[in-house]
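A.B. asks: What follows is start.csv, made up of CSV, C-alpha atoms:
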```csv
chain,number,residue,atom,x,y,z
A,19,MET,CA,234.2,135.3,16.6
A,20,ILE,CA,232.4,138.1,18.3
A,21,TYR,CA,234.0,141.0,20.1
A,22,PHE,CA,232.6,143.5,22.5
A,23,LYS,CA,233.6,147.0,23.6
A,24,LEU,CA,231.6,148.8,26.2
A,25,ILE,CA,232.2,151.9,28.4
A,26,GLY,CA,229.9,152.1,31.4
A,27,SER,CA,229.5,154.6,34.3
A,28,PHE,CA,228.3,153.5,37.7
A,29,VAL,CA,226.5,156.3,39.5
A,30,PHE,CA,226.8,156.0,43.3
A,31,THR,CA,224.6,157.5,45.9
A,32,LYS,CA,227.4,159.4,47.5
A,33,ASP,CA,230.8,160.9,46.5
A,34,ILE,CA,233.4,158.2,46.2
A,35,THR,CA,236.5,160.3,45.5
A,36,ASP,CA,238.0,159.5,48.9
A,37,LEU,CA,237.5,155.8,48.2
A,38,LYS,CA,239.3,155.8,44.9
A,39,GLU,CA,242.3,153.7,45.9
A,40,VAL,CA,240.1,151.2,47.8
A,41,ILE,CA,237.8,150.8,44.8
A,42,TYR,CA,240.6,150.4,42.3
A,43,LYS,CA,242.2,147.8,44.5
A,44,PHE,CA,238.9,145.9,44.7
A,45,LEU,CA,238.6,146.0,40.9
A,46,ASN,CA,242.1,144.8,40.4
A,47,GLU,CA,242.1,142.0,43.0
A,48,ASN,CA,238.5,140.8,43.4
A,49,THR,CA,236.9,140.6,39.9
A,50,LYS,CA,238.8,137.6,38.4
A,51,LYS,CA,235.8,135.3,38.9
A,52,ILE,CA,233.5,137.5,36.8
A,53,LEU,CA,236.1,137.9,34.0
A,54,THR,CA,236.9,134.2,33.5
A,55,LYS,CA,235.0,131.2,32.4
A,56,ASN,CA,236.3,127.6,32.6
A,57,GLY,CA,239.6,129.0,33.7
A,58,GLU,CA,240.0,131.2,30.7
A,59,ILE,CA,239.9,135.1,30.7
A,60,GLY,CA,237.2,136.3,28.4
A,61,CYS,CA,236.9,140.0,29.4
A,62,SER,CA,239.2,142.8,30.6
A,63,ILE,CA,238.3,145.9,32.6
A,64,ASN,CA,240.5,148.9,32.5
A,65,ASP,CA,240.7,152.7,32.2
A,66,PHE,CA,239.1,153.2,35.7
A,67,LYS,CA,238.1,156.8,36.3
A,68,ILE,CA,236.3,158.3,39.3
A,69,GLU,CA,234.7,161.7,39.3
A,70,LYS,CA,232.7,162.6,42.4
A,71,ASN,CA,230.1,159.9,42.6
A,72,ILE,CA,230.7,158.3,39.2
A,73,LEU,CA,233.0,155.4,38.4
A,74,THR,CA,233.6,154.8,34.7
A,75,ILE,CA,235.1,151.6,33.4
A,76,LYS,CA,235.9,150.2,29.9
A,77,PHE,CA,235.0,146.6,29.2
A,78,GLU,CA,236.5,144.6,26.3
A,79,SER,CA,235.7,141.0,25.7
A,80,ASN,CA,235.2,138.1,23.3
A,81,GLN,CA,232.3,135.8,22.9
A,82,LEU,CA,233.4,133.6,25.9
A,83,ILE,CA,232.1,136.3,28.3
A,84,ARG,CA,230.1,139.1,26.9
A,85,ALA,CA,231.0,142.6,28.1
A,86,HIS,CA,227.4,143.5,28.9
A,87,GLU,CA,227.1,140.4,31.1
A,88,VAL,CA,230.1,141.4,33.0
A,89,LEU,CA,228.6,144.9,33.5
A,90,ILE,CA,225.6,143.4,35.2
A,91,ARG,CA,227.7,141.1,37.4
A,92,LEU,CA,230.1,143.9,38.3
A,93,LYS,CA,227.2,146.1,39.4
A,94,LYS,CA,226.2,143.4,41.8
A,95,GLU,CA,229.7,142.9,43.1
A,96,LEU,CA,230.3,146.7,43.5
A,97,SER,CA,227.0,147.2,45.2
A,98,ASN,CA,227.8,144.5,47.8
A,99,PHE,CA,231.3,145.8,48.4
A,100,THR,CA,230.5,149.5,48.8
A,101,GLY,CA,227.1,148.8,50.5
A,102,LYS,CA,228.4,146.6,53.2
A,103,LYS,CA,231.7,148.4,53.8
A,104,PHE,CA,230.7,152.1,53.3
A,105,LYS,CA,226.9,152.1,53.2
A,106,ILE,CA,227.0,153.5,49.6
A,107,GLY,CA,224.8,152.1,46.9
A,108,ILE,CA,224.6,152.4,43.1
A,109,ARG,CA,221.8,154.6,41.9
A,110,ASP,CA,222.2,154.1,38.2
A,111,VAL,CA,224.4,152.6,35.4
A,112,LEU,CA,225.0,154.7,32.3
A,113,ILE,CA,226.0,153.3,28.9
A,114,LYS,CA,228.6,155.7,27.4
A,115,TYR,CA,229.8,153.6,24.5
A,116,PHE,CA,228.9,150.1,23.2
A,117,ASP,CA,229.8,148.2,20.0
A,118,ILE,CA,229.7,144.6,18.9
A,119,LYS,CA,232.0,143.3,16.2
A,120,MET,CA,231.0,140.0,14.4
A,121,GLU,CA,232.9,138.1,11.8
A,122,SER,CA,230.8,137.7,8.7
A,123,LYS,CA,231.4,136.5,5.1
A,124,LYS,CA,228.9,139.0,3.7
A,125,SER,CA,227.2,142.4,4.4
A,126,LEU,CA,223.7,142.3,5.8
A,127,ASN,CA,221.0,144.6,4.4
A,128,ILE,CA,219.5,145.7,7.7
A,129,LYS,CA,218.1,149.1,8.6
A,130,ASN,CA,216.5,150.7,11.6
A,131,LEU,CA,217.4,148.3,14.4
A,132,PRO,CA,216.2,149.6,17.7
A,133,TYR,CA,218.9,151.1,19.9
A,134,VAL,CA,221.5,150.8,17.1
A,135,LYS,CA,223.1,154.0,15.7
A,136,ASN,CA,225.0,152.5,12.9
A,137,ILE,CA,225.9,149.2,11.2
A,138,GLU,CA,229.0,148.9,9.1
A,139,TYR,CA,230.7,146.1,7.1
A,140,GLY,CA,234.4,145.9,6.3
A,141,ASP,CA,237.3,143.5,6.6
A,142,LYS,CA,234.8,140.6,6.8
A,143,CYS,CA,233.3,142.0,10.0
A,144,ILE,CA,230.0,143.6,10.9
A,145,VAL,CA,230.3,146.4,13.5
A,146,ILE,CA,227.1,147.3,15.4
A,147,LEU,CA,227.4,150.7,17.1
A,148,PHE,CA,224.7,151.3,19.7
A,149,ASP,CA,223.1,154.7,20.2
A,150,THR,CA,224.1,156.1,23.6
A,151,GLU,CA,222.9,159.7,23.2
A,152,SER,CA,219.6,160.1,21.5
A,153,GLU,CA,216.0,159.2,22.6
A,154,ASN,CA,216.6,155.8,21.0
A,155,LYS,CA,219.7,155.1,23.1
A,156,ILE,CA,220.3,151.8,24.8
A,157,THR,CA,220.2,152.0,28.6
A,158,TYR,CA,221.0,149.6,31.4
A,159,SER,CA,217.4,148.5,31.4
A,160,GLU,CA,217.8,147.2,27.8
A,161,ILE,CA,221.0,145.5,28.9
A,162,GLU,CA,219.2,143.7,31.6
A,163,LYS,CA,216.5,142.6,29.1
A,164,ARG,CA,219.3,141.1,27.0
A,165,ILE,CA,218.6,143.3,24.0
A,166,PRO,CA,222.2,142.9,22.7
A,167,ASP,CA,221.8,139.1,22.8
A,168,ARG,CA,218.6,139.4,20.7
A,169,ILE,CA,220.4,141.5,18.2
A,170,ILE,CA,223.2,138.9,18.0
A,171,THR,CA,220.8,136.1,17.5
A,172,LEU,CA,218.9,137.9,14.7
A,173,LEU,CA,222.2,138.8,13.0
A,174,LYS,CA,223.4,135.2,13.2
A,175,ASN,CA,220.1,134.0,11.7
A,176,LYS,CA,220.3,136.6,9.0
A,177,MET,CA,223.8,135.4,8.1
A,178,ASN,CA,222.4,131.9,7.7
A,179,ASP,CA,219.5,133.3,5.5
A,180,TYR,CA,216.9,132.8,8.2
A,181,GLY,CA,214.3,135.5,9.0
A,182,GLY,CA,212.3,137.8,6.8
A,183,LYS,CA,212.2,141.4,5.8
A,184,ASN,CA,213.2,144.1,8.2
A,185,GLU,CA,209.5,144.9,9.0
A,186,HIS,CA,209.1,141.3,10.1
A,187,TRP,CA,212.2,141.5,12.3
A,188,GLU,CA,211.0,144.7,14.0
A,189,LEU,CA,208.0,143.0,15.4
A,190,LEU,CA,210.3,140.6,17.3
A,191,TRP,CA,211.9,143.5,19.2
A,192,GLU,CA,208.8,144.0,21.4
A,193,SER,CA,209.8,143.7,25.0
A,194,GLU,CA,208.4,140.8,27.0
A,195,ASP,CA,206.0,143.0,29.0
A,196,LYS,CA,204.2,144.0,25.7
A,197,ASN,CA,201.4,142.1,24.1
A,198,LEU,CA,203.0,140.5,21.0
A,199,ASN,CA,200.7,140.0,18.0
A,200,LEU,CA,201.7,136.4,17.4
A,201,LYS,CA,199.2,135.8,14.7
A,202,ARG,CA,200.5,138.7,12.7
A,203,ILE,CA,204.0,137.4,13.0
A,204,LEU,CA,203.0,134.0,11.9
A,205,LEU,CA,201.0,135.2,8.9
A,206,ARG,CA,203.9,137.3,7.7
A,207,SER,CA,206.3,134.4,8.1
A,208,TRP,CA,203.9,131.9,6.4
A,209,LYS,CA,203.5,134.1,3.3
A,210,ARG,CA,207.2,134.1,2.6
A,211,ARG,CA,208.2,132.2,-0.6
A,212,ASP,CA,209.8,129.4,1.3
A,213,GLY,CA,207.3,129.1,4.0
A,214,LEU,CA,207.8,129.4,7.7
A,215,LYS,CA,211.5,128.8,8.3
A,216,GLU,CA,211.9,130.1,11.8
A,217,VAL,CA,210.1,132.4,14.2
A,218,ILE,CA,212.2,133.8,17.0
A,219,ILE,CA,210.2,134.7,20.1
A,220,GLU,CA,211.0,135.2,23.7
A,221,GLY,CA,208.3,134.9,26.3
A,222,ASN,CA,206.7,132.7,29.0
A,223,GLY,CA,205.1,129.3,28.6
A,224,PHE,CA,201.7,130.8,27.8
A,225,MET,CA,203.1,132.8,24.9
A,226,VAL,CA,204.6,129.6,23.5
A,227,LEU,CA,201.3,127.9,23.8
A,228,LYS,CA,199.5,130.7,21.9
A,229,LEU,CA,202.2,130.4,19.2
A,230,LEU,CA,201.5,126.7,18.7
A,231,ILE,CA,197.7,127.3,18.6
A,232,TYR,CA,198.1,129.9,15.9
A,233,LEU,CA,200.4,127.7,13.9
A,234,GLU,CA,197.9,124.9,14.0
A,235,LEU,CA,195.1,127.3,12.8
A,236,LEU,CA,197.2,128.3,9.9
A,237,ARG,CA,197.8,124.8,8.8
A,238,LYS,CA,194.0,124.1,8.6
```
For this file, produce the structure as structure tokens.
C.D. replies:
Amino acid sequence: MIYFKLIGSFVFTKDITDLKEVIYKFLNENTKKILTKNGEIGCSINDFKIEKNILTIKFESNQLIRAHEVLIRLKKELSNFTGKKFKIGIRDVLIKYFDIKMESKKSLNIKNLPYVKNIEYGDKCIVILFDTESENKITYSEIEKRIPDRIITLLKNKMNDYGGKNEHWELLWESEDKNLNLKRILLRSWKRRDGLKEVIIEGNGFMVLKLLIYLELLRK
């Protein structure tokens, strides 16, 4: 199982103090559809707090619906609600706290993951605590780019003994708008003792085509 805990702050374009009751009512009565999947509740939102133009909410979820996914969907719902009814938009979303807890039979020797402050292992669980304060902090932009999902994928593969050394993994964290050095990734993977087990990559069709070309070159 995987569990998520996230605290996010929605920064509105105007002071929403006078709309506190209206917004709380909206959150309590009109968000069920984004908190459930296949009729089952997968996420809860609570600890609402409004200070001037900032609304802070705590999200807690399981793997059925990931908390950061709900954050994205809730921003859209809130924007539509306050925008249409009060002409108030959302200027920004701040990540105040974010951790992911994954069940694991073993500890993983992983260091220096981007946007991660600390990784701990105990009670057969790995806890990933994201950095929300330093220059390396995770922001809403990284949430939109599905960085947490990439981290989960890599950790799952590591649990199953896929992937290579940390330096090999770090190459795969390049965002999609950067020019990935696919040949370098393949060469590092190919030189591993057991050959090329798996290369995780996210990109468009052209990127995948380049990947296949490089793989064919290495085979010759």
A.B. asks: Find the residues near segment 145-152 of chain A: any atom within 10 Å, counting all atoms listed in the file, skip ones fewer than 6 places away on the same chain, and give them as a ChimeraX atom specification.
C.D. replies: /A:20-24,112-122,131-139,166,169-170
A.B. asks: One decimal, Å: what's the distance from atom CA of Asn71 of chain A over to atom CA of Val29 of chain A, could you say?
C.D. replies: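 Distance between the two atoms: 6.0 Å.
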A.B. asks: Please, what distance in Å, to one decimal, runs between atom CA of Ile34 of chain A and atom CA of Ile59 of chain A?
C.D. replies: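 Interatomic distance, atom CA of Ile34 of chain A to atom CA of Ile59 of chain A: 28.6 Å.
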A.B. asks: For the atom pair atom CA of Glu58 of chain A and atom CA of Met177 of chain A, what is the interatomic distance in Å to one decimal place?
C.D. replies: 28.1 Å
A.B. asks: Give the answer as one residue: which of A:Lys103, A:His86, A:Lys93, A:Lys55 has the shortest atom-to-atom distance to Leu37 of chain A, using only C-alpha atoms?
C.D. replies: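 The shortest atom-to-atom distance to Leu37 of chain A comes from A:Lys103.
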A.B. asks: Might you pull out every residue within 7 Å of Val111 of chain A, with only C-alpha atoms counted and same-chain residues fewer than 5 positions away left off, and present them as a ChimeraX atom specification?
C.D. replies: /A:26-29,158
A.B. asks: Please return as a VMD selection string every residue within 8 Å of (236.4, 143.5, 30.6), taking into account only C-alpha atoms and the file's own coordinates.
C.D. replies: chain A and resid 53 60 to 64 76 to 79 85 88
A.B. asks: Find the residues around Ile161 of chain A up to 9 Å (all atoms listed in the file counted), leave out those fewer than 4 positions away in its own chain, and share them as a short mmCIF file (atom, residue, chain, number, x, y, z; two decimals) with C-alpha atoms, in the frame of the given file.
C.D. replies:
```cif
data_model
loop_
_atom_site.label_atom_id
_atom_site.label_comp_id
_atom_site.auth_asym_id
_atom_site.auth_seq_id
_atom_site.Cartn_x
_atom_site.Cartn_y
_atom_site.Cartn_z
CA HIS A 86 227.40 143.50 28.90
CA GLU A 87 227.10 140.40 31.10
CA LEU A 89 228.60 144.90 33.50
CA ILE A 90 225.60 143.40 35.20
CA ILE A 156 220.30 151.80 24.80
CA THR A 157 220.20 152.00 28.60
CA ILE A 165 218.60 143.30 24.00
CA PRO A 166 222.20 142.90 22.70
CA ASP A 167 221.80 139.10 22.80
#
```
A.B. asks: Return the padded bounding box of segment 113-128 of chain A as JSON: axis-aligned, built from all atoms listed in the file, 5 Å added on each side, with centre and edge lengths in Å to one decimal.
C.D. replies:
```
{"center_x": 226.2, "center_y": 146.1, "center_z": 16.3, "size_x": 23.4, "size_y": 29.2, "size_z": 35.2}
```
A.B. asks: Which residue is closest to Arg84 of chain A? Choose from A:Thr54, A:Ile106, A:Leu172, A:Ile128 and count all atoms listed in the file.
C.D. replies: A:Thr54
A.B. asks: Using only C-alpha atoms, which residues sit within 12 Å of Leu45 of chain A once same-chain residues fewer than 3 positions away are excluded, as a ChimeraX atom specification?
C.D. replies: /A:38-42,48-53,62-67,73-75,92-93,95-96,99-100
A.B. asks: Find the residue from A:Phe104, A:Ile72, A:Met19, A:Thr35 that sits nearest to Lys142 of chain A; use all atoms listed in the file when measuring.
C.D. replies: A:Met19
